[in-house]
Amino acid sequence: MPGFEVFGAEERKQVSDVLESGVLMRYGFDGMRNGHWKAKEFETAFAERMQANHCQLVSSGTAALTVALASAGVGAGDEVIMPTFTFVASFESIMMLGAVPVLVDIDDTLTLDPEAVEAAITPKTRCVMPVHMCGSMADLRKLKDICSKHDLILLEDACQAIGGTFEGKPLGSYGDLGCFSFDYVKTITCGEGGAVITNKEAYKINADQFQDHGHDHIGNDRGAETHPTLGYNFRISELNAAVGLAQLDKLDGILKCQKHHYTILREALSGVEGVSFRRVPEGGEENYSFLNIYLPTEALAKKAHSALSEAGIDACFYWYTNNWHYINGWEHLKELKALGRLPQEIRQQMQDLNSTDFSKSDAWMGRTISCLVKIGWPEAQVKDRAATMRRVITDIL
Ligand SMILES: *Cc1c(COP(=O)(O)O)cnc(C)c1O
């Protein structure tokens, strides 16, 4: 998935446009910036590529989630339903606003189980946050129906699945709001950066204000702007946005290459008895950044994972025991270890994660191996890799 593999002259050119004028900020200094507005240009291009009416760039994917939630009016005590398999940013962004994360099981899509979502809805639920992990998506049709029925916001975390689609629409554009990360290991990168997309003008206005201290951005004198709302600083810098502009041009080429490499790996494993693949919901197309496979049991998955790494196959992950992506590794969340006192709503409403039964998630995660698809591999290397993976996994099964 890494866009850093294709960093080159185009990115350097975009950055040097900014360095020539020295205007490193996205707002103001109109006369000094030689006509360059990289963040604005990126927002327009990204909204168009994602078939959304609006895009708000911010400083990270985590900031994007926070800004998206805030712009939809999510606040203290509101419950946000999120999956057990995700990245820590999901609960960080929710708790940042004093809202309460409600963790629910995943299914064989490795994303939110719609039935588990519906069962977790309470009068305090405001938002459902599917996370399209490792290149593929949640069943957005079912989740949208649930959200419409219960009048909830559907917020897609598409940070790991940029370029995938559902019912022909780019991931992130299907729900009320979609979030992306451009951190250094994502499919396209700004170094650090993120984006929120939406078709709702009110959310766009809120996002625009919230990410810049509540500034109304009317007129061209920042000092004279009013503050319709309290806000924060989640701005992207002009330098980061410049890198992103060059990377966005490369997105379709990256996706094409990922699909090619993914297909070689998948075909090699298709005939292996005992190996099955993650389910992609009907209507979905992956972005092919990972190949996700199931082994028959947890013990065999662990064994296959070590055998692959001993055979020199890097970048295959066993998330079940990984600190970043699965609830098993989140002691700090389970124990609510914060530097200061957490909002009362969180302390009172949060489920006891030490005693919640996530055996359904465990059953899928325990058997999952995710293999990163790199774009810098020459084709011969992908074929060797595929053959080695097939041999190693066949041997242990
Ligand atoms: C990377 C990532 C984020 C956070 O993005 P940052 O830019 O690193 O803050 C959020 N959600 C998911 C699923 C991610 O993979």
# chains A, B, ... in the order shown; residues from 1 in each chain; ligands from 1
>>> select_by_dssp(residues="range 191-325 of chain A", states="strand (DSSP E or B)", output="list in words")
Gly191, Gly194, Ala195, Val196, Ile197, Thr198, Asp212, Asn233, Ser276, Phe277, Gly284, Glu285, Phe290, Leu291, Asn292, Ile293, Tyr294, Cys316 and Phe317 of chain A
>>> write_last_selection(atoms="all heavy atoms", output="CSV table (one decimal), in the first residue's frame")
chain,number,residue,atom,x,y,z
A,191,GLY,N,3.4,12.5,3.9
A,191,GLY,CA,4.2,12.5,5.1
A,191,GLY,C,3.3,12.4,6.3
A,191,GLY,O,3.3,11.3,6.9
A,194,GLY,N,-4.5,14.1,6.3
A,194,GLY,CA,-5.7,13.3,6.2
A,194,GLY,C,-6.8,14.2,5.5
A,194,GLY,O,-6.6,15.3,5.2
A,195,ALA,N,-7.9,13.5,5.2
A,195,ALA,CA,-9.0,14.2,4.6
A,195,ALA,C,-10.3,13.7,5.0
A,195,ALA,O,-10.5,12.6,5.4
A,195,ALA,CB,-8.9,14.1,3.0
A,196,VAL,N,-11.3,14.6,5.0
A,196,VAL,CA,-12.7,14.3,5.3
A,196,VAL,C,-13.4,14.6,4.0
A,196,VAL,O,-13.2,15.7,3.4
A,196,VAL,CB,-13.3,15.2,6.4
A,196,VAL,CG1,-14.8,14.8,6.6
A,196,VAL,CG2,-12.5,15.1,7.7
A,197,ILE,N,-14.3,13.7,3.5
A,197,ILE,CA,-15.1,14.0,2.4
A,197,ILE,C,-16.6,13.9,2.8
A,197,ILE,O,-16.9,13.1,3.7
A,197,ILE,CB,-14.9,13.2,1.1
A,197,ILE,CG1,-15.1,11.7,1.4
A,197,ILE,CG2,-13.5,13.5,0.5
A,197,ILE,CD1,-15.0,10.8,0.1
A,198,THR,N,-17.4,14.7,2.2
A,198,THR,CA,-18.9,14.7,2.4
A,198,THR,C,-19.6,15.3,1.3
A,198,THR,O,-19.1,16.2,0.6
A,198,THR,CB,-19.2,15.4,3.8
A,198,THR,OG1,-20.6,15.2,4.1
A,198,THR,CG2,-18.8,16.8,3.8
A,212,ASP,N,-9.7,24.8,12.1
A,212,ASP,CA,-8.9,26.0,12.2
A,212,ASP,C,-9.5,26.9,13.2
A,212,ASP,O,-9.9,28.1,12.9
A,212,ASP,CB,-8.8,26.6,10.8
A,212,ASP,CG,-7.9,27.8,10.7
A,212,ASP,OD1,-7.0,27.9,11.5
A,212,ASP,OD2,-8.1,28.7,9.8
A,233,ASN,N,-6.8,23.3,16.3
A,233,ASN,CA,-6.0,23.3,15.1
A,233,ASN,C,-5.6,21.9,14.6
A,233,ASN,O,-4.8,21.2,15.2
A,233,ASN,CB,-4.7,24.1,15.4
A,233,ASN,CG,-3.7,24.2,14.3
A,233,ASN,OD1,-4.0,23.7,13.2
A,233,ASN,ND2,-2.5,24.7,14.4
A,276,SER,N,-8.7,-20.1,2.8
A,276,SER,CA,-9.8,-19.4,2.2
A,276,SER,C,-9.5,-17.9,2.3
A,276,SER,O,-8.6,-17.5,2.9
A,276,SER,CB,-11.1,-19.8,2.9
A,276,SER,OG,-11.0,-19.6,4.3
A,277,PHE,N,-10.4,-17.1,1.6
A,277,PHE,CA,-10.1,-15.7,1.5
A,277,PHE,C,-11.2,-14.9,2.2
A,277,PHE,O,-12.4,-15.3,2.4
A,277,PHE,CB,-10.1,-15.3,0.0
A,277,PHE,CG,-9.0,-15.9,-0.7
A,277,PHE,CD1,-9.2,-17.1,-1.4
A,277,PHE,CD2,-7.7,-15.4,-0.7
A,277,PHE,CE1,-8.2,-17.8,-2.1
A,277,PHE,CE2,-6.6,-16.1,-1.3
A,277,PHE,CZ,-6.9,-17.2,-2.0
A,284,GLY,N,-18.9,-4.8,-3.7
A,284,GLY,CA,-17.6,-4.2,-3.4
A,284,GLY,C,-16.4,-4.6,-4.3
A,284,GLY,O,-16.4,-5.7,-4.8
A,285,GLU,N,-15.5,-3.6,-4.5
A,285,GLU,CA,-14.2,-4.0,-5.1
A,285,GLU,C,-13.1,-3.4,-4.2
A,285,GLU,O,-13.1,-2.3,-3.8
A,285,GLU,CB,-14.1,-3.4,-6.5
A,285,GLU,CG,-12.7,-3.8,-7.0
A,285,GLU,CD,-12.5,-3.6,-8.5
A,285,GLU,OE1,-13.4,-3.0,-9.2
A,285,GLU,OE2,-11.4,-4.0,-9.0
A,290,PHE,N,-3.9,-5.3,0.4
A,290,PHE,CA,-3.5,-6.5,1.2
A,290,PHE,C,-4.2,-7.7,0.6
A,290,PHE,O,-5.3,-7.6,0.1
A,290,PHE,CB,-4.0,-6.4,2.7
A,290,PHE,CG,-3.2,-5.5,3.5
A,290,PHE,CD1,-3.5,-4.1,3.6
A,290,PHE,CD2,-2.2,-6.0,4.4
A,290,PHE,CE1,-2.8,-3.3,4.4
A,290,PHE,CE2,-1.4,-5.1,5.2
A,290,PHE,CZ,-1.7,-3.8,5.2
A,291,LEU,N,-3.6,-8.9,0.7
A,291,LEU,CA,-4.3,-10.1,0.5
A,291,LEU,C,-4.5,-10.8,1.9
A,291,LEU,O,-3.5,-11.0,2.6
A,291,LEU,CB,-3.4,-11.1,-0.4
A,291,LEU,CG,-4.0,-12.5,-0.6
A,291,LEU,CD1,-5.3,-12.4,-1.4
A,291,LEU,CD2,-3.0,-13.4,-1.3
A,292,ASN,N,-5.8,-11.0,2.2
A,292,ASN,CA,-6.1,-11.5,3.6
A,292,ASN,C,-6.6,-12.9,3.5
A,292,ASN,O,-7.6,-13.1,2.7
A,292,ASN,CB,-7.2,-10.6,4.2
A,292,ASN,CG,-6.8,-9.1,4.2
A,292,ASN,OD1,-6.0,-8.8,5.1
A,292,ASN,ND2,-7.2,-8.3,3.3
A,293,ILE,N,-6.0,-13.8,4.1
A,293,ILE,CA,-6.4,-15.2,4.0
A,293,ILE,C,-6.7,-15.8,5.4
A,293,ILE,O,-6.2,-15.3,6.4
A,293,ILE,CB,-5.3,-16.1,3.4
A,293,ILE,CG1,-4.0,-16.0,4.2
A,293,ILE,CG2,-5.0,-15.6,2.0
A,293,ILE,CD1,-2.9,-17.0,3.7
A,294,TYR,N,-7.6,-16.8,5.4
A,294,TYR,CA,-7.9,-17.6,6.6
A,294,TYR,C,-7.2,-18.9,6.5
A,294,TYR,O,-7.3,-19.6,5.5
A,294,TYR,CB,-9.4,-17.8,6.7
A,294,TYR,CG,-10.2,-16.5,6.9
A,294,TYR,CD1,-11.3,-16.2,6.0
A,294,TYR,CD2,-9.9,-15.6,7.9
A,294,TYR,CE1,-12.0,-15.0,6.1
A,294,TYR,CE2,-10.6,-14.4,8.0
A,294,TYR,CZ,-11.7,-14.1,7.2
A,294,TYR,OH,-12.4,-13.0,7.3
A,316,CYS,N,4.0,-10.0,6.1
A,316,CYS,CA,2.7,-10.7,6.3
A,316,CYS,C,2.4,-10.5,7.8
A,316,CYS,O,3.3,-10.8,8.7
A,316,CYS,CB,2.9,-12.2,6.0
A,316,CYS,SG,2.9,-12.5,4.2
A,317,PHE,N,1.2,-10.1,8.1
A,317,PHE,CA,0.9,-9.8,9.5
A,317,PHE,C,-0.1,-10.7,10.1
A,317,PHE,O,-1.0,-11.2,9.5
A,317,PHE,CB,0.3,-8.3,9.6
A,317,PHE,CG,1.3,-7.3,9.0
A,317,PHE,CD1,1.2,-6.9,7.7
A,317,PHE,CD2,2.3,-6.8,9.8
A,317,PHE,CE1,2.0,-6.0,7.1
A,317,PHE,CE2,3.2,-5.9,9.2
A,317,PHE,CZ,3.1,-5.5,7.9
>>> residues_around(residues="range 4-14 of chain A", least_positions_apart="3", cutoff="8 Å", atoms="only C-alpha atoms", output="PyMOL selection string")
chain A and resi 17-18+184-185+188-189+242-247+375-376
>>> residues_around(residues="range 74-83 of chain A", least_positions_apart="3", cutoff="7 Å", atoms="only C-alpha atoms", output="JSON, numbers by chain")
{"A": [69, 70, 86, 97, 98, 99, 100, 101, 102, 103, 104, 105, 106, 111, 112, 117, 124, 125, 126, 127, 128, 129, 130, 345, 346]}
>>> residues_near_ligand(ligand="ligand 1", cutoff="7 Å", atoms="only C-alpha atoms and all ligand atoms", output="ChimeraX atom specification")
/A:60-63,86-87,89-90,131-133,157-160,181-183,186,192-194
>>> select_by_dssp(residues="range 17-208 of chain A", states="alpha helix (DSSP H)", output="ChimeraX atom specification")
/A:17-21,38-49,61-71,89-96,114-120,140-150,201-208
>>> closest_atom_pairs(of="range 88-128 of chain A", to="range 337-341 of chain A", cutoff="12 Å", atoms="only C-alpha atoms", output="CSV")
residue,atom,partner,partner_atom,distance
A:Glu92,CA,A:Ala338,CA,11.0
A:Met95,CA,A:Ala338,CA,10.7
A:Met96,CA,A:Ala338,CA,11.3
A:Gly98,CA,A:Arg341,CA,11.4
>>> write_last_selection(atoms="N, CA and C atoms", output="short mmCIF file (atom, residue, chain, number, x, y, z; two decimals), in the first residue's frame")
data_model
loop_
_atom_site.label_atom_id
_atom_site.label_comp_id
_atom_site.auth_asym_id
_atom_site.auth_seq_id
_atom_site.Cartn_x
_atom_site.Cartn_y
_atom_site.Cartn_z
N GLU A 92 -9.58 6.78 19.74
CA GLU A 92 -8.93 8.05 20.13
C GLU A 92 -9.78 9.24 19.67
N MET A 95 -13.14 9.44 21.71
CA MET A 95 -12.97 9.85 23.11
C MET A 95 -12.48 11.29 23.23
N MET A 96 -11.76 11.73 22.22
CA MET A 96 -11.28 13.12 22.18
C MET A 96 -12.43 14.10 22.35
N GLY A 98 -15.20 13.42 23.96
CA GLY A 98 -16.02 13.05 25.11
C GLY A 98 -17.11 12.06 24.74
#
>>> residues_around(residues="range 168-176 of chain A", least_positions_apart="6", cutoff="8 Å", atoms="only C-alpha atoms", output="compact mmCIF listing (two decimals) with C-alpha atoms, in the first residue's frame")
# COMPACT_ATOMS: atom_id res chain seq x y z
CA MET A 50 -13.70 10.58 -4.72
CA GLN A 51 -16.94 11.76 -6.35
CA ALA A 52 -17.83 13.87 -3.33
CA MET A 137 -14.88 -2.80 2.99
CA LEU A 140 -22.15 -0.59 3.43
CA LYS A 144 -26.70 2.31 5.50
CA ILE A 153 -24.67 9.02 10.96
CA LEU A 154 -22.63 6.64 8.78
CA LEU A 155 -18.95 7.60 8.94
CA GLU A 156 -16.56 5.51 6.83
CA ASP A 157 -12.94 5.15 7.88
CA ALA A 158 -11.40 4.53 4.46
CA ALA A 161 -8.87 1.26 1.46
CA ILE A 162 -8.52 4.39 -0.66
CA ILE A 197 -15.13 14.04 2.36
CA THR A 198 -18.87 14.67 2.44
CA ASN A 199 -21.76 15.70 0.25
CA LYS A 200 -23.40 17.69 3.05
CA GLY A 283 -21.10 -4.84 -4.68
CA GLY A 284 -17.61 -4.17 -3.36
>>> atom_distance(atom1="CA of Ala268 in chain A", atom2="CA of Ile313 in chain A")
14.5 Å
>>> atom_distance(atom1="CA of Tyr203 in chain A", atom2="CA of Asn53 in chain A")
11.0 Å
>>> closest_residue(among="A:Leu110, A:Ala116, A:Ala299, A:Ala387", to="Arg266 in chain A", atoms="only C-alpha atoms")
A:Ala387
>>> atom_distance(atom1="CA of Asp314 in chain A", atom2="CA of Thr109 in chain A")
23.7 Å
>>> decode(residues="range 203-218 of chain A", atoms="all heavy atoms", output="mmCIF file, in the first residue's frame")
data_model
loop_
_atom_site.group_PDB
_atom_site.id
_atom_site.type_symbol
_atom_site.label_atom_id
_atom_site.label_comp_id
_atom_site.auth_asym_id
_atom_site.auth_seq_id
_atom_site.Cartn_x
_atom_site.Cartn_y
_atom_site.Cartn_z
ATOM 1 N N TYR A 203 -21.871 19.948 6.946
ATOM 2 C CA TYR A 203 -20.712 19.252 7.524
ATOM 3 C C TYR A 203 -19.419 19.873 7.024
ATOM 4 O O TYR A 203 -18.441 19.992 7.761
ATOM 5 C CB TYR A 203 -20.724 17.763 7.168
ATOM 6 C CG TYR A 203 -21.820 16.944 7.820
ATOM 7 C CD1 TYR A 203 -22.034 15.619 7.442
ATOM 8 C CD2 TYR A 203 -22.629 17.473 8.822
ATOM 9 C CE1 TYR A 203 -23.018 14.848 8.028
ATOM 10 C CE2 TYR A 203 -23.632 16.708 9.413
ATOM 11 C CZ TYR A 203 -23.819 15.397 9.007
ATOM 12 O OH TYR A 203 -24.791 14.625 9.583
ATOM 13 N N LYS A 204 -19.400 20.227 5.743
ATOM 14 C CA LYS A 204 -18.184 20.831 5.175
ATOM 15 C C LYS A 204 -17.870 22.160 5.871
ATOM 16 O O LYS A 204 -16.724 22.424 6.236
ATOM 17 C CB LYS A 204 -18.369 21.033 3.666
ATOM 18 C CG LYS A 204 -17.418 22.020 3.026
ATOM 19 C CD LYS A 204 -15.939 21.603 3.120
ATOM 20 C CE LYS A 204 -15.046 22.735 2.599
ATOM 21 N NZ LYS A 204 -13.627 22.491 2.839
ATOM 22 N N ILE A 205 -18.902 22.973 6.062
ATOM 23 C CA ILE A 205 -18.679 24.265 6.731
ATOM 24 C C ILE A 205 -18.187 24.034 8.158
ATOM 25 O O ILE A 205 -17.215 24.658 8.605
ATOM 26 C CB ILE A 205 -19.977 25.118 6.712
ATOM 27 C CG1 ILE A 205 -20.298 25.508 5.265
ATOM 28 C CG2 ILE A 205 -19.839 26.352 7.604
ATOM 29 C CD1 ILE A 205 -21.674 26.135 5.075
ATOM 30 N N ASN A 206 -18.818 23.105 8.856
ATOM 31 C CA ASN A 206 -18.385 22.805 10.233
ATOM 32 C C ASN A 206 -16.939 22.296 10.258
ATOM 33 O O ASN A 206 -16.152 22.691 11.122
ATOM 34 C CB ASN A 206 -19.290 21.737 10.858
ATOM 35 C CG ASN A 206 -20.683 22.264 11.134
ATOM 36 O OD1 ASN A 206 -20.923 23.475 11.125
ATOM 37 N ND2 ASN A 206 -21.624 21.362 11.373
ATOM 38 N N ALA A 207 -16.616 21.415 9.321
ATOM 39 C CA ALA A 207 -15.266 20.835 9.284
ATOM 40 C C ALA A 207 -14.235 21.930 9.001
ATOM 41 O O ALA A 207 -13.189 22.009 9.655
ATOM 42 C CB ALA A 207 -15.182 19.742 8.218
ATOM 43 N N ASP A 208 -14.549 22.791 8.055
ATOM 44 C CA ASP A 208 -13.659 23.891 7.680
ATOM 45 C C ASP A 208 -13.376 24.792 8.881
ATOM 46 O O ASP A 208 -12.237 25.192 9.122
ATOM 47 C CB ASP A 208 -14.345 24.677 6.545
ATOM 48 C CG ASP A 208 -13.599 25.930 6.159
ATOM 49 O OD1 ASP A 208 -12.424 25.816 5.793
ATOM 50 O OD2 ASP A 208 -14.191 27.032 6.242
ATOM 51 N N GLN A 209 -14.402 25.065 9.651
ATOM 52 C CA GLN A 209 -14.229 25.948 10.812
ATOM 53 C C GLN A 209 -13.529 25.215 11.959
ATOM 54 O O GLN A 209 -12.591 25.736 12.570
ATOM 55 C CB GLN A 209 -15.586 26.486 11.262
ATOM 56 C CG GLN A 209 -16.203 27.401 10.199
ATOM 57 C CD GLN A 209 -17.626 27.839 10.518
ATOM 58 O OE1 GLN A 209 -18.261 27.341 11.450
ATOM 59 N NE2 GLN A 209 -18.135 28.784 9.741
ATOM 60 N N PHE A 210 -13.989 23.995 12.245
ATOM 61 C CA PHE A 210 -13.477 23.277 13.423
ATOM 62 C C PHE A 210 -11.974 23.017 13.319
ATOM 63 O O PHE A 210 -11.248 23.093 14.318
ATOM 64 C CB PHE A 210 -14.229 21.957 13.604
ATOM 65 C CG PHE A 210 -13.854 21.198 14.843
ATOM 66 C CD1 PHE A 210 -14.329 21.609 16.091
ATOM 67 C CD2 PHE A 210 -13.021 20.090 14.789
ATOM 68 C CE1 PHE A 210 -13.971 20.926 17.255
ATOM 69 C CE2 PHE A 210 -12.662 19.407 15.943
ATOM 70 C CZ PHE A 210 -13.138 19.819 17.173
ATOM 71 N N GLN A 211 -11.488 22.709 12.100
ATOM 72 C CA GLN A 211 -10.069 22.351 11.965
ATOM 73 C C GLN A 211 -9.153 23.571 12.025
ATOM 74 O O GLN A 211 -7.940 23.443 11.996
ATOM 75 C CB GLN A 211 -9.829 21.557 10.676
ATOM 76 C CG GLN A 211 -10.242 22.246 9.376
ATOM 77 C CD GLN A 211 -9.158 23.105 8.740
ATOM 78 O OE1 GLN A 211 -7.998 22.726 8.735
ATOM 79 N NE2 GLN A 211 -9.540 24.257 8.202
ATOM 80 N N ASP A 212 -9.731 24.768 12.100
ATOM 81 C CA ASP A 212 -8.914 25.977 12.160
ATOM 82 C C ASP A 212 -9.480 26.945 13.199
ATOM 83 O O ASP A 212 -9.862 28.064 12.879
ATOM 84 C CB ASP A 212 -8.843 26.621 10.762
ATOM 85 C CG ASP A 212 -7.906 27.822 10.707
ATOM 86 O OD1 ASP A 212 -6.975 27.896 11.542
ATOM 87 O OD2 ASP A 212 -8.118 28.686 9.831
ATOM 88 N N HIS A 213 -9.550 26.478 14.442
ATOM 89 C CA HIS A 213 -9.921 27.319 15.584
ATOM 90 C C HIS A 213 -11.311 27.950 15.493
ATOM 91 O O HIS A 213 -11.572 28.951 16.164
ATOM 92 C CB HIS A 213 -8.901 28.456 15.781
ATOM 93 C CG HIS A 213 -7.492 27.997 15.911
ATOM 94 N ND1 HIS A 213 -7.046 27.262 16.991
ATOM 95 C CD2 HIS A 213 -6.415 28.152 15.091
ATOM 96 C CE1 HIS A 213 -5.756 26.996 16.838
ATOM 97 N NE2 HIS A 213 -5.346 27.512 15.697
ATOM 98 N N GLY A 214 -12.169 27.426 14.627
ATOM 99 C CA GLY A 214 -13.503 28.021 14.496
ATOM 100 C C GLY A 214 -13.560 29.213 13.558
ATOM 101 O O GLY A 214 -14.631 29.814 13.389
ATOM 102 N N HIS A 215 -12.449 29.555 12.919
ATOM 103 C CA HIS A 215 -12.431 30.682 11.957
ATOM 104 C C HIS A 215 -13.503 30.503 10.881
ATOM 105 O O HIS A 215 -13.655 29.412 10.334
ATOM 106 C CB HIS A 215 -11.088 30.723 11.214
ATOM 107 C CG HIS A 215 -9.990 31.395 11.971
ATOM 108 N ND1 HIS A 215 -10.044 32.698 12.371
ATOM 109 C CD2 HIS A 215 -8.783 30.923 12.379
ATOM 110 C CE1 HIS A 215 -8.920 33.023 12.998
ATOM 111 N NE2 HIS A 215 -8.145 31.957 13.021
ATOM 112 N N ASP A 216 -14.181 31.611 10.523
ATOM 113 C CA ASP A 216 -15.225 31.484 9.496
ATOM 114 C C ASP A 216 -14.674 31.479 8.067
ATOM 115 O O ASP A 216 -15.377 31.143 7.117
ATOM 116 C CB ASP A 216 -16.312 32.552 9.667
ATOM 117 C CG ASP A 216 -15.797 33.975 9.456
ATOM 118 O OD1 ASP A 216 -14.703 34.146 8.865
ATOM 119 O OD2 ASP A 216 -16.488 34.914 9.892
ATOM 120 N N HIS A 217 -13.408 31.872 7.896
ATOM 121 C CA HIS A 217 -12.781 31.896 6.565
ATOM 122 C C HIS A 217 -13.564 32.754 5.563
ATOM 123 O O HIS A 217 -13.663 32.407 4.381
ATOM 124 C CB HIS A 217 -12.581 30.466 6.015
ATOM 125 C CG HIS A 217 -11.641 29.648 6.859
ATOM 126 N ND1 HIS A 217 -11.793 28.310 7.092
ATOM 127 C CD2 HIS A 217 -10.534 30.006 7.556
ATOM 128 C CE1 HIS A 217 -10.821 27.860 7.884
ATOM 129 N NE2 HIS A 217 -10.052 28.883 8.174
ATOM 130 N N ILE A 218 -14.101 33.850 6.054
ATOM 131 C CA ILE A 218 -14.784 34.803 5.160
ATOM 132 C C ILE A 218 -13.891 36.037 5.016
ATOM 133 O O ILE A 218 -13.383 36.557 6.014
ATOM 134 C CB ILE A 218 -16.174 35.185 5.721
ATOM 135 C CG1 ILE A 218 -17.091 33.952 5.714
ATOM 136 C CG2 ILE A 218 -16.798 36.322 4.901
ATOM 137 C CD1 ILE A 218 -18.390 34.132 6.458
#
